[in-house]
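Have a look at query.tsv below; it lists TSV, C-alpha atoms.
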chain	number	residue	atom	x	y	z
O	1	MET	CA	70.15	-21.97	2.24
O	2	LEU	CA	71.42	-25.52	1.84
O	3	ASN	CA	71.72	-27.91	4.79
O	4	ILE	CA	72.84	-31.55	4.86
O	5	LYS	CA	72.69	-33.97	7.77
O	6	LYS	CA	73.47	-37.68	7.90
O	7	LEU	CA	71.71	-39.53	10.72
O	8	SER	CA	73.53	-42.17	12.75
O	9	ASN	CA	71.65	-44.91	10.86
O	10	GLY	CA	72.88	-43.58	7.49
O	11	LEU	CA	69.79	-41.72	6.29
O	12	VAL	CA	70.84	-38.51	4.52
O	13	VAL	CA	68.65	-35.42	4.87
O	14	ILE	CA	69.15	-32.60	2.37
O	15	GLY	CA	67.28	-29.35	2.96
O	16	GLU	CA	67.18	-26.36	0.62
O	17	VAL	CA	65.37	-23.58	2.50
O	18	LEU	CA	63.61	-21.18	0.12
O	19	PRO	CA	61.77	-18.69	2.37
O	20	GLU	CA	60.24	-16.80	-0.54
O	21	ARG	CA	58.19	-19.84	-1.61
O	22	SER	CA	54.74	-20.76	-0.30
O	23	SER	CA	55.18	-24.50	-0.82
O	24	VAL	CA	57.46	-27.39	0.11
O	25	ALA	CA	58.41	-30.48	-1.86
O	26	PHE	CA	60.29	-33.56	-0.76
O	27	THR	CA	61.54	-36.78	-2.28
O	28	PHE	CA	62.26	-39.99	-0.42
O	29	TRP	CA	64.67	-42.13	-2.43
O	30	THR	CA	65.81	-45.62	-1.53
O	31	PRO	CA	67.83	-48.06	-3.66
O	32	ALA	CA	64.97	-50.57	-3.61
O	33	GLY	CA	64.87	-50.72	-7.39
O	34	SER	CA	64.00	-53.53	-9.75
O	35	VAL	CA	67.64	-54.66	-9.85
O	36	TYR	CA	66.77	-56.57	-6.67
O	37	ASP	CA	63.84	-58.41	-8.26
O	38	PRO	CA	64.35	-62.18	-7.92
O	39	PRO	CA	65.25	-63.63	-11.35
O	40	ASP	CA	62.01	-65.61	-11.50
O	41	ARG	CA	59.88	-62.79	-10.07
O	42	PRO	CA	60.36	-59.75	-12.36
O	43	GLY	CA	57.98	-57.11	-11.06
O	44	MET	CA	58.60	-57.66	-7.34
O	45	ALA	CA	59.66	-54.04	-6.73
O	46	ALA	CA	56.62	-52.78	-8.63
O	47	PHE	CA	54.36	-55.07	-6.60
O	48	LEU	CA	55.90	-53.75	-3.38
O	49	CYS	CA	55.36	-50.13	-4.47
O	50	GLU	CA	51.73	-50.86	-5.35
O	51	MET	CA	51.07	-52.54	-1.99
O	52	MET	CA	52.79	-49.85	0.08
O	53	PHE	CA	50.08	-47.33	-0.82
O	54	ARG	CA	47.32	-49.67	0.37
O	55	GLY	CA	47.40	-48.37	3.91
O	56	ALA	CA	50.15	-47.38	6.33
O	57	GLY	CA	50.49	-46.94	10.08
O	58	ASP	CA	47.03	-47.03	11.66
O	59	ARG	CA	45.29	-46.04	8.40
O	60	SER	CA	43.60	-48.40	5.98
O	61	ASN	CA	43.93	-48.07	2.22
O	62	ARG	CA	41.01	-45.66	1.95
O	63	GLN	CA	41.97	-43.70	5.08
O	64	PHE	CA	45.54	-43.26	3.87
O	65	LEU	CA	44.50	-41.95	0.45
O	66	GLU	CA	41.91	-39.66	2.07
O	67	ALA	CA	44.64	-38.24	4.33
O	68	ILE	CA	46.77	-37.49	1.26
O	69	ASP	CA	43.84	-35.65	-0.32
O	70	GLN	CA	43.01	-33.72	2.87
O	71	ILE	CA	46.56	-32.45	3.16
O	72	GLY	CA	46.50	-31.56	-0.53
O	73	ILE	CA	49.57	-33.53	-1.53
O	74	ASP	CA	50.55	-33.58	-5.19
O	75	ARG	CA	52.39	-36.88	-5.39
O	76	CYS	CA	54.05	-39.32	-7.75
O	77	GLU	CA	56.09	-42.47	-7.43
O	78	SER	CA	58.99	-43.54	-9.60
O	79	LEU	CA	60.54	-46.96	-9.90
O	80	THR	CA	63.73	-47.62	-11.84
O	81	ALA	CA	66.37	-50.31	-11.77
O	82	VAL	CA	68.41	-48.36	-9.21
O	83	GLY	CA	65.77	-47.03	-6.88
O	84	LEU	CA	62.26	-46.42	-5.63
O	85	GLY	CA	61.27	-42.80	-5.12
O	86	PHE	CA	58.29	-41.09	-3.47
O	87	ARG	CA	57.79	-37.44	-4.44
O	88	ALA	CA	55.34	-35.08	-2.75
O	89	SER	CA	54.64	-31.35	-2.82
O	90	MET	CA	52.20	-29.35	-0.72
O	91	LEU	CA	51.51	-25.94	0.84
O	92	ALA	CA	54.13	-25.01	3.42
O	93	GLU	CA	51.66	-25.17	6.33
O	94	ASN	CA	50.92	-28.83	5.53
O	95	PHE	CA	54.52	-29.96	5.24
O	96	GLU	CA	54.96	-31.51	8.69
O	97	ALA	CA	51.70	-33.47	8.45
O	98	ALA	CA	52.77	-34.75	5.04
O	99	LEU	CA	56.17	-35.82	6.35
O	100	VAL	CA	54.55	-37.76	9.21
O	101	LEU	CA	52.21	-39.45	6.73
O	102	TYR	CA	55.10	-40.48	4.47
O	103	ALA	CA	57.08	-41.76	7.43
O	104	ASP	CA	54.25	-44.26	7.95
O	105	LEU	CA	54.35	-45.12	4.25
O	106	VAL	CA	58.09	-45.78	4.23
O	107	ARG	CA	58.45	-47.43	7.65
O	108	ARG	CA	55.07	-48.98	8.43
O	109	PRO	CA	53.20	-49.97	5.26
O	110	ARG	CA	50.35	-52.33	6.08
O	111	LEU	CA	50.76	-54.43	2.91
O	112	PRO	CA	47.28	-55.91	3.42
O	113	ARG	CA	47.11	-59.56	2.48
O	114	ALA	CA	43.42	-59.20	1.58
O	115	GLU	CA	44.26	-56.69	-1.17
O	116	LEU	CA	47.08	-58.67	-2.78
O	117	GLU	CA	44.95	-59.78	-5.73
O	118	ASP	CA	43.65	-56.26	-6.31
O	119	GLY	CA	47.24	-55.04	-6.49
O	120	ARG	CA	48.16	-57.88	-8.82
O	121	GLN	CA	45.38	-56.97	-11.24
O	122	VAL	CA	46.55	-53.34	-11.35
O	123	LEU	CA	50.07	-54.44	-12.28
O	124	LEU	CA	48.87	-56.94	-14.88
O	125	GLN	CA	46.72	-54.28	-16.54
O	126	GLU	CA	49.72	-51.94	-16.64
O	127	ILE	CA	51.89	-54.60	-18.29
O	128	LEU	CA	49.20	-55.56	-20.82
O	129	SER	CA	48.50	-51.93	-21.74
O	130	LEU	CA	52.09	-51.50	-22.91
O	131	ARG	CA	51.80	-54.33	-25.41
O	132	ASP	CA	49.95	-51.92	-27.69
O	133	ASP	CA	52.85	-49.44	-27.62
O	134	PRO	CA	55.47	-50.60	-30.15
O	135	ILE	CA	58.02	-47.95	-29.20
O	136	GLU	CA	57.89	-48.86	-25.52
O	137	THR	CA	57.99	-52.57	-26.34
O	138	LEU	CA	61.12	-52.14	-28.43
O	139	LEU	CA	62.81	-49.79	-25.94
O	140	ARG	CA	62.31	-52.23	-23.09
O	141	LYS	CA	63.93	-55.03	-25.08
O	142	MET	CA	66.79	-52.67	-26.01
O	143	ARG	CA	67.46	-51.83	-22.37
O	144	GLU	CA	67.45	-55.48	-21.38
O	145	ARG	CA	70.03	-56.25	-24.08
O	146	PHE	CA	72.16	-53.17	-23.39
O	147	TYR	CA	72.29	-53.46	-19.60
O	148	GLY	CA	71.63	-57.15	-19.08
O	149	ARG	CA	68.63	-58.79	-17.48
O	150	ALA	CA	69.24	-57.71	-13.86
O	151	TRP	CA	69.63	-53.99	-14.64
O	152	GLY	CA	67.73	-53.71	-17.91
O	153	HIS	CA	64.56	-55.73	-17.40
O	154	ASP	CA	61.29	-53.81	-17.32
O	155	SER	CA	60.56	-52.47	-13.83
O	156	ASP	CA	56.86	-53.30	-14.27
O	157	GLY	CA	57.83	-56.94	-14.62
O	158	THR	CA	56.19	-59.62	-16.72
O	159	CYS	CA	52.78	-61.24	-16.48
O	160	PRO	CA	54.24	-64.67	-15.55
O	161	GLY	CA	56.49	-63.10	-12.91
O	162	VAL	CA	53.76	-60.97	-11.33
O	163	LYS	CA	51.34	-63.91	-11.30
O	164	LYS	CA	53.80	-65.97	-9.21
O	165	ILE	CA	54.37	-63.41	-6.45
O	166	THR	CA	52.89	-64.27	-3.04
O	167	TRP	CA	52.07	-62.02	-0.11
O	168	GLU	CA	54.84	-63.60	1.95
O	169	GLU	CA	57.34	-62.72	-0.80
O	170	VAL	CA	56.19	-59.10	-0.91
O	171	ARG	CA	56.48	-58.84	2.87
O	172	ARG	CA	59.95	-60.41	2.82
O	173	HIS	CA	61.09	-58.17	-0.06
O	174	TYR	CA	60.15	-55.07	1.92
O	175	ASP	CA	62.21	-56.31	4.88
O	176	VAL	CA	65.21	-56.90	2.60
O	177	VAL	CA	65.32	-53.71	0.49
O	178	MET	CA	63.75	-50.94	2.58
O	179	CYS	CA	66.38	-49.63	4.98
O	180	PRO	CA	67.63	-46.22	6.13
O	181	ASN	CA	71.34	-46.58	5.54
O	182	GLU	CA	71.22	-45.75	1.83
O	183	MET	CA	68.04	-43.67	1.84
O	184	VAL	CA	67.99	-39.97	0.97
O	185	LEU	CA	65.32	-37.44	1.94
O	186	SER	CA	65.63	-34.26	-0.13
O	187	ILE	CA	63.48	-31.25	0.83
O	188	ALA	CA	63.12	-27.85	-0.85
O	189	GLY	CA	60.83	-24.93	-0.08
O	190	ASN	CA	59.65	-22.78	2.81
O	191	PHE	CA	60.32	-24.75	5.99
O	192	ASP	CA	62.27	-24.53	9.23
O	193	TRP	CA	65.43	-26.65	8.93
O	194	LYS	CA	66.09	-27.18	12.66
O	195	LYS	CA	62.49	-28.04	13.42
O	196	THR	CA	62.30	-30.38	10.43
O	197	LEU	CA	65.55	-32.13	11.32
O	198	ALA	CA	64.27	-32.74	14.85
O	199	LEU	CA	61.07	-34.22	13.39
O	200	VAL	CA	63.05	-36.45	11.01
O	201	GLU	CA	65.17	-37.69	13.93
O	202	THR	CA	61.98	-38.56	15.82
O	203	LEU	CA	60.40	-40.31	12.84
O	204	PHE	CA	63.43	-42.18	11.52
O	205	GLY	CA	66.24	-42.07	14.08
O	206	ASP	CA	65.44	-45.45	15.64
O	207	TRP	CA	65.26	-47.26	12.29
O	208	GLU	CA	67.96	-49.93	12.30
O	209	PRO	CA	70.23	-50.10	9.22
O	210	ARG	CA	70.91	-53.34	7.38
O	211	ALA	CA	73.01	-54.37	4.41
O	212	LEU	CA	71.45	-54.59	0.97
O	213	PRO	CA	72.09	-57.66	-1.18
O	214	CYS	CA	74.55	-57.37	-4.06
O	215	PRO	CA	72.84	-56.63	-7.38
O	216	GLY	CA	73.67	-58.53	-10.55
O	217	ARG	CA	76.33	-57.32	-12.98
O	218	ILE	CA	75.68	-55.21	-16.05
O	219	ARG	CA	76.18	-57.34	-19.17
O	220	THR	CA	75.85	-55.77	-22.62
O	221	SER	CA	75.00	-57.68	-25.77
O	222	PHE	CA	75.57	-55.94	-29.11
O	223	ARG	CA	73.88	-58.66	-31.11
O	224	PRO	CA	71.12	-57.10	-33.27
O	225	PHE	CA	67.56	-58.32	-32.85
O	226	HIS	CA	64.16	-57.95	-34.47
O	227	ILE	CA	60.60	-58.15	-33.12
O	228	SER	CA	58.12	-59.23	-35.79
O	229	SER	CA	54.96	-57.15	-36.11
O	230	ASP	CA	52.35	-56.63	-38.83
O	231	SER	CA	52.59	-52.88	-38.33
O	232	GLN	CA	52.83	-50.66	-41.40
O	233	GLN	CA	55.71	-48.88	-39.69
O	234	THR	CA	59.18	-50.03	-38.74
O	235	HIS	CA	60.51	-48.79	-35.42
O	236	MET	CA	64.27	-48.66	-34.91
O	237	PHE	CA	66.56	-48.16	-31.92
O	238	LEU	CA	70.32	-47.89	-31.85
O	239	ALA	CA	72.35	-47.74	-28.64
O	240	TRP	CA	76.05	-47.28	-27.97
O	241	PRO	CA	78.20	-46.69	-24.85
O	242	VAL	CA	79.13	-43.22	-23.60
O	243	PRO	CA	80.66	-41.89	-20.35
O	244	THR	CA	78.50	-42.18	-17.25
O	245	ILE	CA	77.13	-39.20	-15.35
O	246	GLY	CA	79.89	-38.00	-13.05
O	247	HIS	CA	82.67	-38.92	-15.49
O	248	PRO	CA	84.80	-35.90	-16.52
O	249	ASP	CA	84.02	-36.52	-20.20
O	250	GLN	CA	80.25	-36.81	-19.72
O	251	ILE	CA	79.53	-33.13	-20.40
O	252	ARG	CA	81.52	-33.25	-23.66
O	253	ALA	CA	79.73	-36.36	-24.83
O	254	TRP	CA	76.35	-34.96	-23.79
O	255	ALA	CA	76.89	-31.79	-25.79
O	256	GLY	CA	77.75	-33.80	-28.90
O	257	MET	CA	74.77	-36.13	-28.51
O	258	ASN	CA	72.48	-33.14	-27.96
O	259	VAL	CA	73.60	-31.70	-31.28
O	260	LEU	CA	72.99	-35.06	-32.91
O	261	GLY	CA	69.47	-35.72	-31.69
O	262	GLY	CA	68.41	-33.40	-28.90
O	263	GLY	CA	65.32	-31.63	-30.10
O	264	MET	CA	63.80	-30.03	-33.17
O	265	ASN	CA	66.98	-28.26	-34.22
O	266	SER	CA	69.17	-31.36	-34.05
O	267	ARG	CA	71.01	-32.82	-37.01
O	268	LEU	CA	68.91	-35.97	-37.05
O	269	PHE	CA	65.65	-34.04	-36.94
O	270	ASN	CA	66.72	-31.79	-39.78
O	271	GLU	CA	68.28	-34.47	-41.98
O	272	VAL	CA	65.89	-37.36	-41.42
O	273	ARG	CA	62.56	-35.61	-40.97
O	274	GLU	CA	62.72	-32.06	-42.32
O	275	LYS	CA	64.85	-32.53	-45.44
O	276	ARG	CA	63.81	-36.05	-46.46
O	277	GLY	CA	60.48	-36.61	-44.75
O	278	LEU	CA	61.50	-40.15	-43.81
O	279	CYS	CA	59.84	-40.21	-40.39
O	280	TYR	CA	57.78	-38.23	-37.93
O	281	SER	CA	60.00	-38.70	-34.90
O	282	VAL	CA	63.75	-39.13	-34.52
O	283	GLU	CA	65.69	-38.37	-31.36
O	284	THR	CA	68.43	-39.43	-28.95
O	285	ASP	CA	68.32	-39.90	-25.19
O	286	TYR	CA	71.31	-40.01	-22.80
O	287	ASP	CA	70.79	-42.80	-20.26
O	288	SER	CA	73.12	-43.63	-17.37
O	289	PHE	CA	73.64	-46.09	-14.55
O	290	PRO	CA	76.59	-45.80	-12.13
O	291	THR	CA	78.85	-48.10	-14.18
O	292	ARG	CA	77.37	-48.03	-17.69
O	293	ALA	CA	75.75	-45.34	-19.83
O	294	GLY	CA	74.40	-45.28	-23.34
O	295	VAL	CA	72.82	-43.13	-26.00
O	296	PHE	CA	69.52	-44.54	-27.26
O	297	CYS	CA	68.57	-43.27	-30.72
O	298	TYR	CA	65.02	-43.85	-31.96
O	299	ALA	CA	63.38	-43.43	-35.36
O	300	GLY	CA	60.12	-44.72	-36.79
O	301	SER	CA	59.27	-44.73	-40.48
O	302	ARG	CA	57.16	-46.46	-43.08
O	303	THR	CA	58.59	-49.89	-43.75
O	304	GLU	CA	59.63	-49.05	-47.30
O	305	ASN	CA	61.72	-46.13	-45.95
O	306	ALA	CA	63.32	-47.99	-43.05
O	307	LYS	CA	66.63	-48.86	-44.73
O	308	LYS	CA	67.07	-45.34	-46.03
O	309	THR	CA	66.24	-43.88	-42.61
O	310	LEU	CA	68.81	-46.04	-40.91
O	311	GLY	CA	71.38	-45.14	-43.56
O	312	VAL	CA	70.88	-41.39	-43.00
O	313	ILE	CA	71.22	-41.85	-39.25
O	314	ARG	CA	74.45	-43.75	-39.74
O	315	ARG	CA	75.91	-41.02	-41.94
O	316	GLN	CA	75.01	-38.36	-39.40
O	317	MET	CA	76.69	-40.34	-36.65
O	318	GLU	CA	79.84	-40.64	-38.76
O	319	ARG	CA	79.68	-36.93	-39.54
O	320	LEU	CA	79.47	-36.12	-35.82
O	321	SER	CA	82.99	-37.47	-35.28
O	322	ARG	CA	84.21	-34.65	-37.54
O	323	GLY	CA	82.94	-32.13	-35.01
O	324	ILE	CA	80.15	-29.66	-34.32
O	325	THR	CA	80.01	-25.95	-35.12
O	326	ARG	CA	80.32	-23.02	-32.74
O	327	ALA	CA	76.69	-22.09	-33.42
O	328	GLU	CA	75.56	-25.61	-32.50
O	329	LEU	CA	77.51	-25.50	-29.23
O	330	GLU	CA	76.02	-22.10	-28.34
O	331	ALA	CA	72.52	-23.46	-28.97
O	332	VAL	CA	73.25	-26.35	-26.59
O	333	LYS	CA	74.38	-23.88	-23.92
O	334	VAL	CA	71.20	-21.83	-24.31
O	335	ARG	CA	69.03	-24.91	-23.86
O	336	TYR	CA	71.09	-25.90	-20.81
O	337	ARG	CA	70.67	-22.46	-19.21
O	338	THR	CA	66.94	-22.57	-19.87
O	339	ALA	CA	66.66	-25.95	-18.15
O	340	LEU	CA	68.57	-24.65	-15.11
O	341	VAL	CA	66.30	-21.63	-14.76
O	342	THR	CA	63.18	-23.76	-15.15
O	343	GLN	CA	64.36	-26.16	-12.45
O	344	GLN	CA	64.82	-23.30	-9.99
O	345	GLU	CA	61.18	-22.25	-10.46
O	346	SER	CA	59.86	-25.49	-8.96
O	347	CYS	CA	60.45	-26.73	-5.39
O	348	SER	CA	59.87	-30.28	-6.62
O	349	CYS	CA	62.54	-29.94	-9.32
O	350	TRP	CA	64.93	-28.32	-6.85
O	351	ALA	CA	64.57	-31.20	-4.39
O	352	LEU	CA	64.99	-33.73	-7.17
O	353	CYS	CA	68.11	-32.01	-8.54
O	354	ASN	CA	69.72	-31.97	-5.09
O	355	LEU	CA	68.93	-35.65	-4.73
O	356	SER	CA	70.45	-36.39	-8.14
O	357	ASP	CA	73.62	-34.47	-7.29
O	358	TRP	CA	74.04	-36.36	-4.05
O	359	ARG	CA	73.61	-39.71	-5.74
O	360	TRP	CA	75.96	-39.01	-8.64
O	361	PHE	CA	78.57	-36.74	-7.06
O	362	GLY	CA	78.28	-37.30	-3.31
O	363	ARG	CA	77.69	-33.57	-2.82
O	364	ILE	CA	75.36	-30.76	-3.92
O	365	ARG	CA	76.95	-28.67	-6.62
O	366	PRO	CA	76.19	-24.93	-6.44
O	367	TRP	CA	74.09	-23.69	-9.37
O	368	GLU	CA	76.93	-21.36	-10.28
O	369	GLU	CA	79.33	-24.30	-10.60
O	370	VAL	CA	76.92	-26.25	-12.79
O	371	GLN	CA	76.29	-23.29	-15.06
O	372	THR	CA	79.95	-22.22	-15.21
O	373	ARG	CA	81.10	-25.69	-16.25
O	374	MET	CA	78.78	-25.59	-19.23
O	375	GLU	CA	79.61	-21.98	-20.10
O	376	ARG	CA	83.34	-22.78	-20.08
O	377	LEU	CA	82.93	-25.83	-22.29
O	378	THR	CA	84.90	-25.09	-25.45
O	379	LEU	CA	84.36	-26.16	-29.00
O	380	ARG	CA	87.80	-27.74	-28.99
O	381	GLU	CA	86.96	-29.87	-25.94
O	382	VAL	CA	83.82	-31.25	-27.53
O	383	ASN	CA	85.30	-31.83	-30.96
O	384	THR	CA	88.44	-33.48	-29.59
O	385	TRP	CA	86.32	-35.91	-27.60
O	386	LEU	CA	84.05	-36.66	-30.58
O	387	ALA	CA	87.05	-37.28	-32.83
O	388	GLU	CA	88.74	-39.59	-30.33
O	389	ASN	CA	85.60	-41.49	-29.36
O	390	PRO	CA	83.53	-42.30	-32.46
O	391	PRO	CA	80.81	-44.91	-31.82
O	392	LYS	CA	82.29	-48.34	-32.56
O	393	LYS	CA	79.90	-50.87	-31.05
O	394	PHE	CA	76.17	-50.62	-31.56
O	395	LEU	CA	73.12	-52.49	-30.43
O	396	THR	CA	70.43	-52.35	-33.10
O	397	GLY	CA	66.82	-53.34	-32.50
O	398	THR	CA	63.88	-53.14	-34.91
O	399	LEU	CA	60.16	-53.82	-34.71
O	400	GLY	CA	58.08	-54.25	-37.83
O	401	PRO	CA	57.32	-56.62	-40.72
O	402	ARG	CA	60.98	-57.45	-41.37
O	403	PRO	CA	64.46	-56.71	-39.97
O	404	VAL	CA	66.48	-53.70	-41.09
O	405	LEU	CA	70.20	-54.35	-41.28
O	406	TRP	CA	72.67	-51.81	-39.84
O	407	ASP	CA	74.90	-52.06	-42.92
O	408	ALA	CA	72.02	-51.26	-45.30

Would you give me this structure, written as structure tokens?
Amino acid sequence: MLNIKKLSNGLVVIGEVLPERSSVAFTFWTPAGSVYDPPDRPGMAAFLCEMMFRGAGDRSNRQFLEAIDQIGIDRCESLTAVGLGFRASMLAENFEAALVLYADLVRRPRLPRAELEDGRQVLLQEILSLRDDPIETLLRKMRERFYGRAWGHDSDGTCPGVKKITWEEVRRHYDVVMCPNEMVLSIAGNFDWKKTLALVETLFGDWEPRALPCPGRIRTSFRPFHISSDSQQTHMFLAWPVPTIGHPDQIRAWAGMNVLGGGMNSRLFNEVREKRGLCYSVETDYDSFPTRAGVFCYAGSRTENAKKTLGVIRRQMERLSRGITRAELEAVKVRYRTALVTQQESCSCWALCNLSDWRWFGRIRPWEEVQTRMERLTLREVNTWLAENPPKKFLTGTLGPRPVLWDA
């Protein structure tokens, strides 16, 4: 049973009661993402997230983490440009205690000044560890070019930015970005909705709302770039605009892009890897913000095969505008149905899907509606969209000994 309640301060509570389950999962989401990082302090949101778990309420760092373990919370945190999320799942009998604990985390983090340098070292190690990952290095530069610095910069920040951040700035950033009026709490599992709502009112009802600052604009550059590396491989990314999630054409575009590079039966996988052996990995990923979305296509090959690899990818993209087959569309639908069923097996996934629906559509779509829309998607719909919207502008990024030109 689905329930939705918006508190007077703007906090939205979504509850999917699943009495047959023995667990509960919830996700706190707030738009305190890295888009609000000060221009000269990239990594501020990550620093805040790191410091928030170093004690909350009347518990110290160690006491807070011990309480999480005692309750048996399986947790994770996610930071993106648009938001900061705290996910937790636990046995149903421990749900209320977990919610109280996370209320302290969200509303009363201690942010201990004495542990600022410890937190800084954790973040610096995270940033430095990614320097050895060429794919991640290239992808992060691609996102910064495709979405602009404010939206596309790496959420982990940079070493110079993290080194500058002071405790006073972390404290002030919390006061600016953490507020109830755009926060969502999504819960799924075996719990009592009325009792939980009363507890949420007690924990959060007196939290005063405040306006968030305006984020920077999305600015896309299609100018190709290259990152020099003495690697024996050349890594390549291509990105181009597509409809955002929530746009009526998004499902048509997604189906086409899934045929192009979505998995081991995709056209790119078969043509680039299986038939020609040009690379080990080639795939596409559909990525969306509220006002801009893109497909990011990755391939990595030996340097001597890089031009040929890029040429095959280009031909497959051109071929896609001529349409997909009925068998390819049916395969996409099967994968979509499988994903829906899998999501329903997990309380955590259920809570996250409800949160995603609320953010993108302003409502929770019934599973039947989601499934029916895909089942009713016709071959003509997809092929008409692909024919009318061939990729025209591309951002190309490479990492390796030398650049690889798009027109090769």

Interatomic distance, atom CA of Leu111 of chain O to atom CA of Leu355 of chain O (Å, one decimal):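 Atom-to-atom, atom CA of Leu111 of chain O to atom CA of Leu355 of chain O, that is 27.2 Å.
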
Atom CA of Ala98 of chain O to atom CA of Tyr174 of chain O, straight-line distance in Å: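 Interatomic distance, atom CA of Tyr174 of chain O to atom CA of Ala98 of chain O: 21.8 Å.
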
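Closest approach to Cys353 of chain O among O:Ala239, O:Thr27, O:Thr372, O:Val17 is made by O:Thr27 (distances from all atoms listed in the file).
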
Pairwise distance for atom CA of Cys49 of chain O and atom CA of Ser78 of chain O, rounded to one decimal in Å: 9.1 Å

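Once all atoms listed in the file are considered, the residues situated within 12 Å of the file point (69.2, -22.9, -15.1) turn out to be Lys333, Val334, Arg335, Tyr336, Arg337, Thr338, Ala339, Leu340, Val341, Thr342, Gln343, Gln344, Glu345, Ser346, Cys349, Trp350, Cys353, Pro366, Trp367, Glu368, Glu369, Val370, Gln371, Thr372, Met374 and Glu375 of chain O.
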
Nearby residues (only C-alpha atoms) at most 12 Å from Ala103 of chain O, same-chain spacing under 2 positions excluded, as a PyMOL selection string: chain O and resi 27-28+52+56-57+86+96-101+105-109+180+185+199-205+207

Nearest candidate to Lys5 of chain O (options O:Glu136, O:Leu197, O:Leu123, O:Glu93; using only C-alpha atoms):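 The answer is O:Leu197, which sits nearest to Lys5 of chain O.
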
Extract, using all atoms listed in the file, all DNA, RNA and protein residues at most 6 Å from segment 277-285 of chain O, discarding same-chain residues fewer than 4 positions from it, and format them as a PDB file with C-alpha atoms, keeping the file's coordinate frame.
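That gives us part-v3.pdb:
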ATOM      1  CA  GLY O 261      69.470 -35.720 -31.690  1.00  0.00           C
ATOM      2  CA  PHE O 269      65.650 -34.040 -36.940  1.00  0.00           C
ATOM      3  CA  VAL O 272      65.890 -37.360 -41.420  1.00  0.00           C
ATOM      4  CA  ARG O 273      62.560 -35.610 -40.970  1.00  0.00           C
ATOM      5  CA  VAL O 295      72.820 -43.130 -26.000  1.00  0.00           C
ATOM      6  CA  PHE O 296      69.520 -44.540 -27.260  1.00  0.00           C
ATOM      7  CA  CYS O 297      68.570 -43.270 -30.720  1.00  0.00           C
ATOM      8  CA  TYR O 298      65.020 -43.850 -31.960  1.00  0.00           C
ATOM      9  CA  ALA O 299      63.380 -43.430 -35.360  1.00  0.00           C
ATOM     10  CA  GLY O 300      60.120 -44.720 -36.790  1.00  0.00           C
ATOM     11  CA  SER O 301      59.270 -44.730 -40.480  1.00  0.00           C
TER      12      SER O 301
END

Best match for closeness to Ser34 of chain O among O:Ile71, O:Ala81, O:Ala150, O:Val404, counting all atoms listed in the file: O:Ala81

Protein/DNA/RNA residues near (69.4, -53.2, -8.2), cut 6 Å, only C-alpha atoms, as number ranges by chain: O: 33-36, 81-82, 215

Shortest interatomic distance to Thr396 of chain O - which of O:Gly323, O:Pro243, O:Gly72, O:Pro224, counting all atoms listed in the file: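 Closest to Thr396 of chain O, using all atoms listed in the file: O:Pro224.
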
Test item: residues at most 10 Å from Gly397 of chain O, only C-alpha atoms, excluding those fewer than 5 positions along its chain, as a PyMOL selection string: chain O and resi 138-139+141-142+145+222-227+235-239+298+403-406

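Counting only C-alpha atoms, the residue from O:Ala67, O:Phe26, O:Thr234, O:Arg149 that sits nearest to Lys308 of chain O is O:Thr234.
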
Minimum-distance residue to Leu386 of chain O, chosen among O:Arg319, O:Arg75, O:Arg402, O:Lys307 (using all atoms listed in the file):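 The closest residue to Leu386 of chain O is O:Arg319.
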
All residues 12 Å or closer to Cys214 of chain O, all atoms listed in the file, same chain fewer than 3 positions away omitted, as a PyMOL selection string: chain O and resi 31-32+35-38+150+176-177+211+217
